Amino acid sequence: MYKQLIRCTALVLLGLFLWAGHAGAVDFEANTPAVTRLKQNMQQRHNQLAPFYDTGAVGLTRDGLIVLRDANAVPLSGRQAVNALVAAENQDRNALYREIALANNHPEWENDIRSTFAQRWIASARSGWWYQQGNGTWQKK
Amino acid sequence: MKPDWLWFHRDIFPSRVCRLFARFWLFFLISVLSSPAVAALPGFEFMLQHIRHPVFTARSAEIKFTAFPSPALVVTLDDLVMGGHRWRNLRMECNQIHVSRDGADCDAGVLRLGKKSLSVNVQFSLQRKSLIIGIQPVPVTGAREKWRLEIGWQEDKWHGVLKIMNGDGTLLADLLPLEEKQIQIHQARLNGEIHLSGSGVAISALSAHLNVSQLSFGDASGLHAGEHISLQMDADARQTGKDWQWRGKIAWPEGEIFWQPFYFSGQGHEFAIAGTLHDRHINVTHGRVDLAGIGKAKFSAVADVAGRTLQQIRFSATDLELSPLFDSILRPLAVDTALAETSASGRADFDWHYRDGEHQSLVIDLQDVSLIDAHDRFSIEELNAHIPWNHDEKRNGSIQFDNARVLGIPLGATRIPIETKGAQFSIPRAEVAVLDGKMQIENFLAIHETTGWQWQFNGALLPISMEKLTEALRIQPMYGTLSGTIPKMRYANSTITMEGELVSGIFDGVAVARNLVLENPLSLTPHLIMDMAMHHVDLDLLTRAYSFGSMQGRVDVEVNNLELVDWEPVRFDTKLVSSAGNYKRRISQAAIKNLIALGGGGAVTAIQRSFLGLFGQFSYAEIGWRCKLRGHICQMGGIEPATSDGKSYVLVKGSGIPAITITGYNQEVDWPELLKRLERAVESSNPIIH
């Protein structure tokens with residue numbers, strides 16, 4: 001009797017957990033004007049950033065942003081421009097996470113969305129690109 | 001005066017070196033040559049584990065002299081600290097020492113500094129009272145590098161000259177204190193002379209003329225680096241009584257430097273500075289910076305050297321070229337702001353005074369300046385401004401421009417008087433030309449808080465054409481005029497909020513905007529949130545303006561929870577209903593056709609369709625339309641459900657003769673698609689009725 005009660009309770013809890021998980025699913029593909037605009041902007045910028053990902057000058061951070069991790073891989077005259085690209089990209093990325101959270105009517109999900117995107121960016125990075133591991137160290141993919 | 005914060009001044013270096021050299025030589029003569037035991041003494045060797053002196057400390061010093069087969073001397077030093085500098089693994093060998101009662105010469109010595117080997121020759125003469133040390137790298141390079149130190153003295157006065165010919169700058173880099181070595185000098189070539197003279201233990205004058213070429217340096221991160229740099233440096237200093245008079249000048253004709261976040265290329269920039277040193281205070285009486293392509297600046301300053309504090313600085317620059325100044329210095333500091341992708345041109349003057357840890361005053365003058373955002377969020381042209389600021393007192397200035405554009409809205413020629421005081425910036429009253437109307441600003445007050453700038457004002461909008469405004473904002477066109485009072489507009493934390501209501505006249509009705517919030521106005525994705533209501537709008541004016549087909553009557557419109565993102569609606573709850581009251585209620589055939597397009601196929605009954613073509617106009621009792629927009633989906637409704645199952649709704653309720661009732665069947669529509677459908681219906685002179 002006692003075991004049955006525990007089993008039943010466990011099943012109910014499992015069901016609630018699965019339901020909650022389903023109910024709380026994030027729509028990462030939310031298609032609002034803001035998200036569309038940001039994605040377009042980032043897509044246009046990607047062509048400018050790609051060579052710096054390739055050389056390892058710019059790397060993907062564990063918090064879903066990018067950083068100028070090895071300025072020595074960029075000619076002196078180009079380092080300021082890369083700085084500006086990185087700053088603009090990070091502004092858009094931060095805005096993207098915020099807008100997706102807003103599109104899901106859950107602004108408080110922003111950090112979770114950022115974490116998921118950080119993993120997605122790293123997973124979709126090309127071989128040879130640098131990314132920051134969970135412990136903060138840099139790893140070449 | 002003995003400024004003991006200068007390490008070399010505590011016990012003066014050349015004097016001490018000569019004195020030590022003389023003492024050593026005396027000791028050498030006494031102990032080696034003058035001794036009767038010299039025949040039996042092939043040499044000597046002694047070690048000193050720890051030597052302490054006011055000038056230096058050394059560890060593990062070993063001095064070894066051998067007299068046969070020829071006099072030779074080896075001095076090694078594991079660790080030498082002098083004036084906060086540290087050197088390791090010093091070794092000097094001299095295999096051919098010529099010793100006489102007058103002095104000693106070493107013609108073929110070798111000095112090892114870390115990994116470097118240098119050929120050293122030393123000539124020490126008591127008669128001439130001179131010490132000459134020549135240093136060349138081993139093996140001799142093609143650059144014919146040579147260092148030569150000459151020290152001479154007469155009684156208490158002395159003079160030293162270091163002559164450098166094609167000197168390897170990395171040698172000096174190796175001599176830098178270890179803690180400074182995060183910046184590595186990769187390459188440098190030095191030419192020039194450094195003169196020092198003094199009396200007793202004090203320096204009384206020094207001068208230097210150095211040319212640095214092929215200078216490259218950098219840190220591990222690459223965030224501080226320079227390449228292919230040439231520098232011409234001149235400096236001299238002379239003691240007068242208790243004070244020092246000094247001056248220095250550096251010219252930078254070529255090369256490039258990246259010093260996060262700034263980048264400069266040498267194009268003939270010059271830096272000159274002159275001043276005095278008195279009682280631990282450096283007083284820069286004349287400072288000049290000449291940045292080629294940008295302009296010139298003057299400065300003066302007072303610094304407490306012992307406390308390492310800047311007590312005062314005055315800086316002024318006139319007629320600076322804003323475009324290169326903005327590119328090189330201002331924009332890199334603004335990468336996280338709306339100015340990050342702005343180009344600038346024009347000229348600027350600056351005058352800045354800083355004292356005792358606080359900014360005292362700042363005056364900025366701008367002449368014919370233009371600022372243009374790459375994303376077309378804002379621009380301003382022919383900007384002329386006089387912006388004075390004082391820490392304690394109120395200052396009056398002005399800002400004027402010929403034209404500007406903010407979020408696509410054009411602003412005309414405007415002059416704005418300003419007042420500044422402390423951390424406040426205010427505009428008592430101003431009028432800004434907006435499109436064909438004006439915006440009156442009163443009691444504008446901006447305050448810099450720890451969270452950033454905050455401002456607020458109240459004012460009024462004098463009639464602005466809605467057609468022009470909506471065209472500028474690239475949103476659905478509207479007609480009429482926008483005017484009204486602005487009770488209070490506030491900006492804080494990147495958000496503009498409007499308290500009260502903005503009332504305007506539109507299509508002979510009244511529109512009221514309230515609860516207006518604009519978040520991140522200058523970002524890529526501004527959010528506008530507001531509630532809006534329009535009362536007693538003339539349908540005839542409205543439908544004629546949009547070529548929708550004539551409708552006569554009056555409507556009330558409520559748009560609650562309106563949210564525009566990047567000026568596109570993503571949310572609203574709209575309700576359009578016929579206004580209360582007696583007025584003519586007629587609807588044209590063309591308008592019916594367009595309403596049918598809005599409501600979906602089968603919007604009129606078969607009977608109505610049969611006589612639709614017979615009449616030009618129909619009577620109606622009531623019009624109603626609702627839309628609840630979420631994302632891009634609009635859930636539509638009308639005056640009331642048309643059927644009990646709620647799958648259709650009444651858009652137009654007929655009345656009189658001939659009357660027509662229009663029913664809507666589209667309950668969920670794609671909002672952008674609906675707009676396209678309306679546009680097509682309006683543009684088409686002969687809409688298709690299903």
# chains A, B, ... in the order shown; residues from 1 in each chain; ligands from 1
$ closest_atom_pairs --of "chain B" --to "chain A" --cutoff "8 Å" --atoms "only C-alpha atoms" --output "CSV"
residue,atom,partner,partner_atom,distance
B:Ser221,CA,A:Asp70,CA,6.0
B:Gly222,CA,A:Asn72,CA,4.7
B:Leu223,CA,A:Ala71,CA,6.1
B:Ala225,CA,A:Leu76,CA,7.6
B:Gly226,CA,A:Leu76,CA,7.6
B:Glu227,CA,A:Leu76,CA,8.0
B:Glu256,CA,A:Leu76,CA,7.3
B:Ile257,CA,A:Leu76,CA,7.1
B:Phe258,CA,A:Leu76,CA,6.0
B:Gln260,CA,A:Gln80,CA,7.8
B:Pro261,CA,A:Gln80,CA,6.4
B:Phe262,CA,A:Gln80,CA,6.8
B:Tyr263,CA,A:Gln80,CA,6.5
B:Pro332,CA,A:Gln80,CA,7.4
B:Val335,CA,A:Ala84,CA,6.1
B:Asp336,CA,A:Ala87,CA,6.6
B:Ala340,CA,A:Ala84,CA,7.4
B:Leu524,CA,A:Leu38,CA,7.4
B:Thr525,CA,A:Ala34,CA,5.4
B:Val565,CA,A:Ala34,CA,6.0
B:Asp566,CA,A:Ala34,CA,6.2
B:Glu568,CA,A:Pro33,CA,6.7
B:Val570,CA,A:Thr32,CA,7.1
B:Gly631,CA,A:Thr32,CA,6.6
B:His632,CA,A:Thr32,CA,7.9
$ residues_around --residues "Arg114 of chain A" --least-positions-apart "2" --cutoff "8 Å" --atoms "only C-alpha atoms" --output "MDAnalysis selection string"
chainID A and resid 63:64 97 110:112 116:118
$ write_last_selection --atoms "N, CA and C atoms" --output "PDB file, in the first residue's frame"
ATOM      1  N   ASP A  63      29.272  32.865 -22.469  1.00  0.00           N
ATOM      2  CA  ASP A  63      28.024  33.557 -22.150  1.00  0.00           C
ATOM      3  C   ASP A  63      27.320  34.087 -23.404  1.00  0.00           C
ATOM      4  N   GLY A  64      27.601  33.448 -24.534  1.00  0.00           N
ATOM      5  CA  GLY A  64      26.843  33.774 -25.746  1.00  0.00           C
ATOM      6  C   GLY A  64      27.270  35.040 -26.438  1.00  0.00           C
ATOM      7  N   TYR A  97      18.782  38.058 -27.339  1.00  0.00           N
ATOM      8  CA  TYR A  97      18.338  37.234 -26.206  1.00  0.00           C
ATOM      9  C   TYR A  97      17.166  37.906 -25.477  1.00  0.00           C
ATOM     10  N   GLU A 110      15.694  35.428 -20.092  1.00  0.00           N
ATOM     11  CA  GLU A 110      16.802  35.929 -20.923  1.00  0.00           C
ATOM     12  C   GLU A 110      18.105  35.174 -20.679  1.00  0.00           C
ATOM     13  N   ASN A 111      18.437  34.930 -19.422  1.00  0.00           N
ATOM     14  CA  ASN A 111      19.716  34.263 -19.131  1.00  0.00           C
ATOM     15  C   ASN A 111      19.733  32.824 -19.616  1.00  0.00           C
ATOM     16  N   ASP A 112      18.577  32.152 -19.473  1.00  0.00           N
ATOM     17  CA  ASP A 112      18.504  30.765 -19.965  1.00  0.00           C
ATOM     18  C   ASP A 112      18.642  30.732 -21.485  1.00  0.00           C
ATOM     19  N   THR A 116      21.525  28.833 -23.730  1.00  0.00           N
ATOM     20  CA  THR A 116      21.231  27.898 -24.823  1.00  0.00           C
ATOM     21  C   THR A 116      21.875  28.369 -26.124  1.00  0.00           C
ATOM     22  N   PHE A 117      21.775  29.668 -26.371  1.00  0.00           N
ATOM     23  CA  PHE A 117      22.394  30.203 -27.587  1.00  0.00           C
ATOM     24  C   PHE A 117      23.910  30.032 -27.550  1.00  0.00           C
ATOM     25  N   ALA A 118      24.504  30.214 -26.371  1.00  0.00           N
ATOM     26  CA  ALA A 118      25.963  30.053 -26.253  1.00  0.00           C
ATOM     27  C   ALA A 118      26.355  28.649 -26.722  1.00  0.00           C
TER      28      ALA A 118
END
$ residues_around --residues "Ile122 of chain A" --least-positions-apart "3" --cutoff "12 Å" --atoms "only C-alpha atoms" --output "PyMOL selection string"
chain A and resi 53+59-66+115-119+125-134+138-141
$ residues_around --residues "Ser204 of chain B" --least-positions-apart "4" --cutoff "9 Å" --atoms "only C-alpha atoms" --output "PyMOL selection string"
chain B and resi 196-199+237-240+244
$ select_by_dssp --residues "segment 271-467 of chain B" --states "strand (DSSP E)" --output "PyMOL selection string"
chain B and resi 271-278+281-291+295-304+309-321+342-355+358-373+378-390+395-401+403-406+409-411+414-421+424-434+437-449+452-465
$ residues_around --residues "Asn191 of chain B" --least-positions-apart "2" --cutoff "8 Å" --atoms "only C-alpha atoms" --output "mmCIF file with N, CA and C atoms, in the first residue's frame"
data_model
loop_
_atom_site.group_PDB
_atom_site.id
_atom_site.type_symbol
_atom_site.label_atom_id
_atom_site.label_comp_id
_atom_site.auth_asym_id
_atom_site.auth_seq_id
_atom_site.Cartn_x
_atom_site.Cartn_y
_atom_site.Cartn_z
ATOM 1 N N LYS B 163 77.226 57.774 -25.825
ATOM 2 C CA LYS B 163 77.009 57.915 -27.256
ATOM 3 C C LYS B 163 76.542 56.566 -27.796
ATOM 4 N N ILE B 164 75.482 56.619 -28.540
ATOM 5 C CA ILE B 164 74.898 55.374 -29.061
ATOM 6 C C ILE B 164 74.879 55.455 -30.576
ATOM 7 N N MET B 165 75.429 54.446 -31.202
ATOM 8 C CA MET B 165 75.390 54.399 -32.659
ATOM 9 C C MET B 165 74.740 53.076 -33.067
ATOM 10 N N ASN B 166 73.624 53.165 -33.709
ATOM 11 C CA ASN B 166 72.867 51.983 -34.126
ATOM 12 C C ASN B 166 72.646 51.019 -32.967
ATOM 13 N N GLY B 167 72.387 51.569 -31.794
ATOM 14 C CA GLY B 167 72.201 50.742 -30.613
ATOM 15 C C GLY B 167 70.948 49.882 -30.710
ATOM 16 N N ARG B 189 66.082 50.539 -32.832
ATOM 17 C CA ARG B 189 67.430 50.983 -33.177
ATOM 18 C C ARG B 189 67.594 52.404 -32.631
ATOM 19 N N GLU B 193 72.898 60.834 -28.317
ATOM 20 C CA GLU B 193 73.780 61.065 -27.174
ATOM 21 C C GLU B 193 72.959 61.466 -25.955
ATOM 22 N N LEU B 210 68.013 61.758 -29.021
ATOM 23 C CA LEU B 210 67.947 60.356 -29.445
ATOM 24 C C LEU B 210 67.021 60.206 -30.638
ATOM 25 N N ASN B 211 67.461 59.397 -31.582
ATOM 26 C CA ASN B 211 66.585 58.980 -32.674
ATOM 27 C C ASN B 211 66.285 57.505 -32.499
ATOM 28 N N VAL B 212 65.025 57.186 -32.429
ATOM 29 C CA VAL B 212 64.611 55.788 -32.318
ATOM 30 C C VAL B 212 64.001 55.391 -33.655
#
$ closest_residue --among "B:Val289, B:Ala317, B:Ile380, B:Val555" --to "Leu362 of chain B" --atoms "only C-alpha atoms"
B:Ala317
$ residues_around --residues "segment 291-296 of chain B" --least-positions-apart "6" --cutoff "12 Å" --atoms "only C-alpha atoms" --output "PyMOL selection string"
chain B and resi 250-254+264-272+315-329+345-350
$ closest_residue --among "B:Ala642, B:Gln476, B:Asn520, B:Lys575" --to "Ala545 of chain B" --atoms "only C-alpha atoms"
B:Gln476
$ residues_around --residues "Pro137 of chain B" --least-positions-apart "6" --cutoff "7 Å" --atoms "only C-alpha atoms" --output "MDAnalysis selection string"
chainID B and resid 117:119 145
$ write_last_selection --atoms "C-alpha atoms" --output "CSV table (one decimal), in the first residue's frame"
chain,number,residue,atom,x,y,z
B,117,SER,CA,77.1,39.0,-25.2
B,118,LEU,CA,78.8,42.3,-25.6
B,119,SER,CA,82.4,43.2,-26.3
B,145,GLU,CA,76.3,48.9,-33.2
$ atom_distance --atom1 "atom CA of Val26 of chain A" --atom2 "atom CA of Arg98 of chain A"
12.7 Å
